[in-house]
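Colleague: Pasting a structure below so you can have a look.
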Number of protein chains: 4
Amino acid sequence: MPKVGMEPVRRQALISAVIDAIHERGLSHVTMGEIARRAGVSAGLAHHYFGNKDQLLLATMRHLLSELGDEIQQRLAGAETARERIRAIVAGNFSACQFRPAVISAWLAFYVEAQTDAEAHRLLRIYQRRLESNLLHALQELVSRNQAVDIAEMAAALIDGLWIRRSLAGEQPDPESAVAVVETAIFGAISRYHA
Amino acid sequence: MPKVGMEPVRRQALISAVIDAIHERGLSHVTMGEIARRAGVSAGLAHHYFGNKDQLLLATMRHLLSELGDEIQQRLAGAETARERIRAIVAGNFSACQFRPAVISAWLAFYVEAQTDAEAHRLLRIYQRRLESNLLHALQELVSRNQAVDIAEMAAALIDGLWIRRSLAGEQPDPESAVAVVETAIFGAISRYHA
Amino acid sequence: MPKVGMEPVRRQALISAVIDAIHERGLSHVTMGEIARRAGVSAGLAHHYFGNKDQLLLATMRHLLSELGDEIQQRLAGAETARERIRAIVAGNFSACQFRPAVISAWLAFYVEAQTDAEAHRLLRIYQRRLESNLLHALQELVSRNQAVDIAEMAAALIDGLWIRRSLAGEQPDPESAVAVVETAIFGAISRYHA
Amino acid sequence: MPKVGMEPVRRQALISAVIDAIHERGLSHVTMGEIARRAGVSAGLAHHYFGNKDQLLLATMRHLLSELGDEIQQRLAGAETARERIRAIVAGNFSACQFRPAVISAWLAFYVEAQTDAEAHRLLRIYQRRLESNLLHALQELVSRNQAVDIAEMAAALIDGLWIRRSLAGEQPDPESAVAVVETAIFGAISRYHA
DNA sequence: AATGAATGAGTTTTCATTCAT
DNA sequence: GATGAATGAAAACTCATTCAT
């Protein structure tokens, strides 16, 4: 039953299937066959649209990165003060659509993949630099440049660390408390410098 | 030319080979053949000693966990005050033998594997609980129990986050500055509660 | 935008695409998708017109055979003496439209295909018999029947051999010198028998 | 039942299987599975020893080229006069072990493969150049350099052409008459130049 | 103890072909 | 008439694992 205009639908279904499959089986055990089955299409179609497994995986990673970017950008748009911008960045990183178990699993998997895969590495670095740069700009309005650098690094590491630990804990992820931990650490550090 | 008493040597060589192979190829691309080649033995021997690939991987993970445990235990032995114990735990996590690029890669890989592999998950949780428990005990001498729980979580996440980010940065890992970041965050939080 | 009367145009475009594709990728690597792409149509249309891949390939072969036949027939029409008829046959085999690199590649590929494909074999044998029979008739006016048979075989082999070698040489094919080599061999053999 | 020292045996069996499979199915229809089956081993083993299909095919081609080279070299060793050397080269090209139907099919297939495969092309050109060079040296003792060049080209083309036509004819190949045709053409041409 | 030979199951990938639109 | 969606079967290739030696 071929219909026209199905390409974007199938692409999205396949990317979602990748995320779910990684969550349940782990990236190293995911097969094209399983992804296709979850997406309700044949393995051939997955290749037809993405060329090969690596490309499909990278497309999924790009999807996640872009979703996260949008999430943060949206929140930044409504932020006026430096404190609000910092909150926007932190909250964006733990936004509902990103902090779902399956998405967390996929993120982690790609994080690790980026250790050895050049393209995955490149994609992740771009996101990381942007995150740090955003944080840095906001922080520099509150503390000196050197202090901002230190706090930004700490905050970025804390965000990643909370992600990884919450995911491993297996409990229902709790975005709000995660946000609170990071904000406490950031604003605590800022007030320390101000004292 | 089989020699007697080679077993521990071979086992260690294979475990080291796993770590290096994960670092260079990524866990999902590591094969028994490559591990064996790196260890300078035949693939058959790897099976002879470890039974199968999963067991070899888990043995490697156990090796890393035990090494980290020893590292922290050693430092704790010489620590007398609560502050010193906290410093011992943090420093142990970034000790030279652990904070090598190849070891970091392997840790990350196992972290992710633990998402979907029951035994890996169990091993990792044991280590995490011990780490948190150690931290908690030390912190409770300085702050209230509730405050200690919050700080311990933050500290643990920060340690993991620094690991993961430093590894991805590709630069030579710098244990001392990592330790400094974590200690600053911990003692900053403590002093905040005291104020 | 389907147009009426496009069928012969599409068919010819597909056949030309087959020849070019064989030249650039080799028959064993040619796919329907690539042929269709080169012809500027969808893969579905290629099937619509030719039924399946084998039929399209055979249609291409028939096209080449018929083109070669026409080429020779045209030249034979203007030939009066036996020597002229021999020259017509030889020259026809190296005529410009046949001795193009892409066409040579396709010919060779079909030659080989004919080893194992019954229909291709049949088509090629028809052409070969006609070529030999034409040559034989002309030669028999100049030498005895037995001598004519020998010379015809030699000439036919020489034609094929020059084709195959020129094609592999990769140089710009030079029909005239090829013709000269064959004619020298034929007329040399004839004069030898006459001596 | 693994035995040591099987590698050369398996390699040879696989190469022979390639030749037979090409003869019966045609290069474009040959699969690794069929080759392995004919060789009496698993498809995995074929990959184990040759890496991939292309490499196995090229190894087969190298095998044929080297066998042909040996055949000619042997005959050349016993030749003293220029005429004998020419006969050695021609006879070597139609030697029993080369002029078997299956071997002929394989040769043709590789000839065509060389049109589009760089490595196959390289291998074939080396053989062709050596053949022409050998012929040229022998011929230059009997005729002028220019005449030798012409005769060598004609002879080489005739050899290839006879191969291709005899193979297509499907009859039992007849080395002796093929040799006779080539020698008649060569020595006829020489005597023509001498006249 | 140790190896290399060998396999078979599983995975990716390709591609001719079909079919609704 | 023409397309793009979709499939399924077949092919290449990988690799953990077994086993005779």
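If you're wondering about the labels, chains in the structure tokens are A, B, ... by order shown, residues count from 1 in each chain, ligands from 1 in order shown.
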Need the shell around segment 3-18 of chain E: protein/DNA/RNA residues with any atom at most 9 Å away, counting only C-alpha atoms (C1' of nucleotides). Skip same-chain ones fewer than 4 positions apart. Format as a PyMOL selection string?
Modeller: (chain A and resi 31-33+44+47+52-53) or (chain B and resi 41-45) or (chain C and resi 31-33+44+47+52-53) or (chain D and resi 1-7+41-42+44-45) or (chain F and resi 6-7+10-14+17-21)
Colleague: Specify as a list in words all residues of chain B found within 6 Å of chain A, counting only C-alpha atoms.
Modeller: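 Applying the cut-off to the listed atoms yields Arg25, Gly26, Ser28, Thr116, Ala157, Leu158, Asp160, Gly161 and Leu162 of chain B.
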Colleague: With C-alpha atoms retained, could you export that selection as an mmCIF file, in the first residue's frame?
Modeller:
data_model
loop_
_atom_site.group_PDB
_atom_site.id
_atom_site.type_symbol
_atom_site.label_atom_id
_atom_site.label_comp_id
_atom_site.auth_asym_id
_atom_site.auth_seq_id
_atom_site.Cartn_x
_atom_site.Cartn_y
_atom_site.Cartn_z
ATOM 1 C CA ARG B 25 37.189 0.864 18.400
ATOM 2 C CA GLY B 26 34.294 1.311 20.794
ATOM 3 C CA SER B 28 30.142 -2.186 19.984
ATOM 4 C CA THR B 116 20.633 -2.933 29.385
ATOM 5 C CA ALA B 157 27.122 13.571 39.439
ATOM 6 C CA LEU B 158 29.908 16.075 39.090
ATOM 7 C CA ASP B 160 30.769 11.366 36.514
ATOM 8 C CA GLY B 161 30.131 14.451 34.422
ATOM 9 C CA LEU B 162 33.759 15.551 34.542
#
Colleague: Find the distance between atom CA of Ile72 of chain C and atom CA of Ser95 of chain C and write it in Å to one decimal.
Modeller: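 Pair atom CA of Ile72 of chain C / atom CA of Ser95 of chain C returns 8.7 Å.
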Colleague: Can you check which residues of chain C DSSP gives as alpha helix (DSSP H) on the backbone and send them as a PyMOL selection string?
Modeller: chain C and resi 7-25+32-39+43-50+53-77+82-93+101-116+118-140+145-169+175-194
Colleague: Using only C-alpha atoms (C1' of nucleotides), I'd like every residue of chain F that has an atom within 10 Å of chain C; please write them out as a short mmCIF file (atom, residue, chain, number, x, y, z; two decimals) with N, CA, C and O atoms (P, O5', C5', C4', C3', O3' and C1' of nucleotides), in the first residue's frame.
Modeller:
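Output saved as out.cif:
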data_model
loop_
_atom_site.label_atom_id
_atom_site.label_comp_id
_atom_site.auth_asym_id
_atom_site.auth_seq_id
_atom_site.Cartn_x
_atom_site.Cartn_y
_atom_site.Cartn_z
P DG F 1 1.14 3.55 -21.60
"O5'" DG F 1 0.74 5.04 -21.19
"C5'" DG F 1 1.14 6.20 -21.94
"C4'" DG F 1 1.79 7.21 -21.02
"C3'" DG F 1 3.21 6.85 -20.60
"O3'" DG F 1 3.92 8.08 -20.42
"C1'" DG F 1 1.84 6.84 -18.68
P DA F 2 5.47 8.11 -20.21
"O5'" DA F 2 5.55 8.01 -18.62
"C5'" DA F 2 5.12 9.15 -17.88
"C4'" DA F 2 5.26 8.87 -16.41
"C3'" DA F 2 6.57 8.22 -15.98
"O3'" DA F 2 7.35 9.23 -15.36
"C1'" DA F 2 4.68 7.36 -14.80
P DT F 3 8.72 8.85 -14.64
"O5'" DT F 3 8.19 8.71 -13.15
"C5'" DT F 3 7.34 9.74 -12.65
"C4'" DT F 3 6.91 9.42 -11.24
"C3'" DT F 3 8.07 8.93 -10.36
"O3'" DT F 3 8.25 9.88 -9.32
"C1'" DT F 3 6.15 7.52 -10.13
P DG F 4 9.65 10.01 -8.60
"O5'" DG F 4 9.22 9.44 -7.18
"C5'" DG F 4 8.06 9.95 -6.56
"C4'" DG F 4 7.60 8.97 -5.50
"C3'" DG F 4 8.70 8.52 -4.55
"O3'" DG F 4 8.07 8.27 -3.31
"C1'" DG F 4 7.83 6.65 -5.60
#
Colleague: So that I can see what lies close to Asp70 of chain D, please list as a PyMOL selection string the residues with an atom at most 12 Å from it, counting only C-alpha atoms (C1' of nucleotides) and leaving out residues fewer than 6 positions away in the same chain.
Modeller: chain D and resi 63-64+76-77+88-89+92-93+95+97-98+127
Colleague: Choose the residue, out of A:Glu67, A:Glu141, A:Glu80, A:Glu34, that has the smallest atom-to-atom separation from Ala21 of chain A; count only C-alpha atoms.
Modeller: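 Answer, going by the shortest atom-to-atom distance: A:Glu34.
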Colleague: Quick check, in Å to one decimal: how far apart do atom CA of Asp54 of chain B and atom CA of Leu131 of chain B lie?
Modeller: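 Computing it gives 25.5 Å between the two atoms.
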Colleague: Would you mind reading off the distance between atom CA of Ile19 of chain A and atom CA of Tyr49 of chain A, one decimal, in Å?
Modeller: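 Computing it gives 17.0 Å between the two atoms.
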